[in-house]
Amino acid sequence: MKADKLIIRGAREHNLKNLDLELPKNSLVVITGISGSGKSSLAFDTIYAEGQRRYVESLSAYARQFLGLMEKPDVDQIEGLSPAISIDQKTVSKNPRSTVGTITEIYDYMRLLWARIGVPHCPIDGREIKAQTVQEIVDQIDSELKKSKKDQVNFILAPIIKGRKGIYEEVFRDLKKKGLVRVRVDGRVYEIDEVPSLDRYKIHDIEAVIDRLVTGVDRQRLTETVETALRYGEGLVLVAKEGESGKIFSEKFACPEHGLSLPEIEPRTFSFNSPHGACPSCDGLGVKLTVDPDLVIPSKNLSISEGAIHPWSRMLAHDTWSSRRIEALGHHLGFSLTTAVKDLPKEILEVILYGSDSDKFKVSGRNRFGRNITFNTTFEGLVPELSRRYRETESEWVKREIEKYMREELCELCHGARIRAEALFVTINEKSIVEVANRSIEQTADWFKNLPLSEKEKQISFQVLKEINSRLKFLLDVGLGYLTVNRSSATLAGGEAQRIRLASQIGSGLSGVLYVLDEPTIGLHSKDNDRLIKTLMELKELGNTVIVVEHDREVMERADYLVDIGPGAGELGGEIIAEGTPEIVANTKASLTGQFLKGTKVVGLSTKDFKRIENKNKLTIKKASEHNLKNIDVEIPLGKFIAVTGVSGSGKSTLVGDILKKALSNKLYSSKEKPGKYGEISGIEHIDKVVDIDQSPIGRTPRSNPATYTGAFTNIRDIFANTPDARARGYSSGRFSFNVKGGRCETCQGDGVIKIEMQFLPDVYVTCETCLGKRYNREALEITYKGKNIAEILEMTIQVASKFFENIPNIKAKLQTLNDVGLGYMKLGQGATTLSGGEAQRVKLATELSRRSTGKTFYILDEPTTGLHFADIENLLKVLHRLVELGNTVLVIEHNLDVIKTADWIIDLGPEGGDKGGELVAEGSVEQIINNKKSATGTYLAKVI
């Protein structure tokens, strides 16, 4: 075995055709090829899967009993395999508690830092709070006494009552029982038996006199006195001269002035995932679902009896106690249920929404026994009632119904900080942990780098700061300086999540590892690519082998070894067309990738290649200011192909996803999603439908697949139900569904695979032993159409199935659109869990294409070129521009220059990411962007025109 080679012999996983391959170790290896050619089958399903399987075999027998069902990849031999780590785009956590800081462990180190060198302050006056030992308190009091005049009497007092109303006779009796003789009440010292009666309604201060001392007192006596005072004063001791208020000392983290105490400061104090640190109102989420009056009353033009108040609309249709109560409320408050809500007095609407618990009214009617009864009641209010029912119910259906009237709002207690208020008053360099975590990675790195610390603090924090700074540096190196430490992982794009994990791996400092990455350039502007490539090289220089599945030209050109798989997709792929250095591949005539690298082939489409319907309408967004957008005005011409460009973090997703998409959905579909901040949007009347085609999965289980998602499977099942054999047996189309009982295999319930939940690894899917992955029982599989049973149909590629059903127009049309977007290699029944984000997006795009266009539809796509080879991009562009030629508007967020150059209109944001972005750098045609010197996109675009 060659120690410096990774040797693969006889790889046949999926469509791979018995590949033999030798890859150099400790190198950057790029595997490329058209979509569906077998890149992922080689990199992930063969090399990584075998590495994972061998790792599992090294575990204990207990662990292996759960993992024993893992199949060996279909490969004869792999030599020189190192422990493998996969960094893909589908492993980002959607848990609302997961943040950039928790994924990278930056926030965990920050919690440790604030717990060890943070300075607590009083929440009321901001005074610094220190915990002191008895010895420290004695030393300070002794110092105070030495400053006193000769024979000056100093009282050592134990605070008992601070600033509270009452007569407190029982307090004085209790102190007397404990052997105390004197007390100080409101600044005057009394014998306990001679304390005057206190005014119940006035505020009082009461302190027990523990001792009276003068200068030159014995240290032992002072120590005993202080210990006694701390015991009676629950950790507080007060030293005061006669006639003065005195000075308080505390042995706890407590404000001596206000008596507010902090718990012992430890790392969990700052954790929003621990009950010790999480905000008690939102449980550490920073947001809460709250009932929104605008969703409760969607139309104020209607009256209550006409259903203006949505939750009441069903009640009022029937004679129930609830409807009588509403009628009685109207009678009591003097309003009619037939009056339009907009005409009701404001105070009446306030009572309807928020109630009036003190105001009772009568409700009368017949009970179920026919007896007239009357009872007095109060009205809780619609908003509090729905909130209470949501908290108390155990019914998921009721929760879903009430959620229709709720929006996600910032927690009113912590205002999005997620942690308890007392933790926010612990600061380093006058900054709380949340203030620092809410800054961009770039700003946070600068803050830590320039943090002024004492010698003691430097000693304590040296190792912690080293870990924080190195992790921040790695995030900056992969172009994520615009993110914040507190950014929720659920809001990250696939490429961002992948690069965060990449940064974490560099931080771990491992060597001798095999890393397998899936298109790490996704979401990266051409300007940021250099940083990413530098990071991959750094990973390689640590002594690791980096295998990247990639289509980006720059990454391919910088590879140590390039493997091109093809020539086609699916069954037409799975062969090695070229391998070697990028120069060798570029000069291999058979390699389609090589032709694009050499320049003999280019994505030749431009704006001149497409027809346009005359449309002078436009959509205008004014004063967009959500997140980092700086009050920008943006024009979007309708009936055009629009590209929104800019470096990572410049504000593209905020503008399109958070503002435009949500605002259009609100207007066109009465969506309850709250758009980001903006002034106004004009021109919506020229649009009748908005379609968001994102990269989220088409389903969460293997049951969802391209055939079911596009609706083609419904027609296929009908065909099988109409075959002579099926009719003779009385089978309906339901018999050929794998989602319901009847024809499906009950062992796997129609999945074809069985999910094995792994505690410390991702879930594993193994083929069902009963149906052998066919999903159906024996009886259903006996029915055939043109010699094929239903399971064999699902195993067909879309390209083959398209020919098989060429005489069935409904099915042919749906399959043809899947072919058009470059998915001909995919199997009809391929499970949703195995699709990449780009493939899922193209399945959705094909589904939309198969529907009838109105000519006024607004399509939104986020990086549709994900996972696409140069040759596939040309096909995708033809599909997208076909939609525009019908009069629709297609808006894409995109970094791929071959796509951007075909745009009718470009909106370029920047100039940088995060706080340095959010500006409209340029907008206009391709020529206008190229000629704009401020535009980084224009600079790179000029190179491909």
# chains A, B, ... in the order shown; residues from 1 in each chain; ligands from 1
>>> residues_around(residues="Lys456 (chain A)", least_positions_apart="4", cutoff="10 Å", atoms="only C-alpha atoms", output="list in words")
Ile117, Ile460 and Ser461 of chain A
>>> write_last_selection(atoms="C-alpha atoms", output="CSV table (one decimal), in the first residue's frame")
chain,number,residue,atom,x,y,z
A,117,ILE,CA,-13.4,38.3,35.5
A,460,ILE,CA,-7.1,34.3,34.7
A,461,SER,CA,-8.3,34.9,31.1
>>> residues_around(residues="Phe736 (chain A)", least_positions_apart="4", cutoff="7 Å", atoms="only C-alpha atoms", output="count of residues only")
3
>>> residues_around(residues="Leu660 (chain A)", least_positions_apart="6", cutoff="9 Å", atoms="only C-alpha atoms", output="number ranges by chain")
A: 621, 654, 675-676, 681
>>> write_last_selection(atoms="N, CA, C and O atoms", output="CSV table (one decimal), in the first residue's frame")
chain,number,residue,atom,x,y,z
A,621,ILE,N,-39.6,49.5,-3.4
A,621,ILE,CA,-39.5,49.4,-1.9
A,621,ILE,C,-38.8,50.7,-1.4
A,621,ILE,O,-37.7,51.0,-1.8
A,654,THR,N,-32.1,39.8,3.5
A,654,THR,CA,-32.9,40.7,4.3
A,654,THR,C,-33.9,41.4,3.4
A,654,THR,O,-35.1,41.5,3.7
A,675,PRO,N,-43.3,41.3,8.2
A,675,PRO,CA,-42.1,41.7,7.3
A,675,PRO,C,-41.1,42.5,8.1
A,675,PRO,O,-41.4,43.1,9.2
A,676,GLY,N,-39.9,42.6,7.6
A,676,GLY,CA,-38.9,43.5,8.2
A,676,GLY,C,-39.3,45.0,8.0
A,676,GLY,O,-40.3,45.3,7.3
A,681,ILE,N,-44.3,49.9,0.1
A,681,ILE,CA,-44.0,49.1,-1.2
A,681,ILE,C,-45.1,49.5,-2.1
A,681,ILE,O,-46.3,49.2,-1.8
>>> closest_residue(among="A:Thr937, A:Asn273, A:Thr427, A:Thr133", to="Ser250 (chain A)", atoms="only C-alpha atoms")
A:Thr133
>>> closest_atom_pairs(of="region 537-598 of chain A", to="region 872-893 of chain A", cutoff="12 Å", atoms="only C-alpha atoms", output="Markdown table")
| residue | atom | partner | partner_atom | distance |
| --- | --- | --- | --- | --- |
| A:His551 | CA | A:Asp872 | CA | 10.7 |
| A:Gly568 | CA | A:Asp872 | CA | 10.9 |
| A:Ala569 | CA | A:Asp872 | CA | 10.6 |
| A:Leu592 | CA | A:Asp872 | CA | 11.2 |
| A:Thr593 | CA | A:Asp872 | CA | 11.3 |
>>> select_by_dssp(residues="region 683-805 of chain A", states="alpha helix (DSSP H)", output="MDAnalysis selection string")
chainID A and resid 706:710 712:721 724:729 778:781 790:794 798:804
>>> select_by_dssp(residues="region 754-784 of chain A", states="strand (DSSP E or B)", output="PyMOL selection string")
chain A and resi 754-756+764-767+776+784
>>> closest_residue(among="A:Lys178, A:Arg9, A:Arg188, A:Arg164", to="Tyr232 (chain A)", atoms="only C-alpha atoms")
A:Lys178
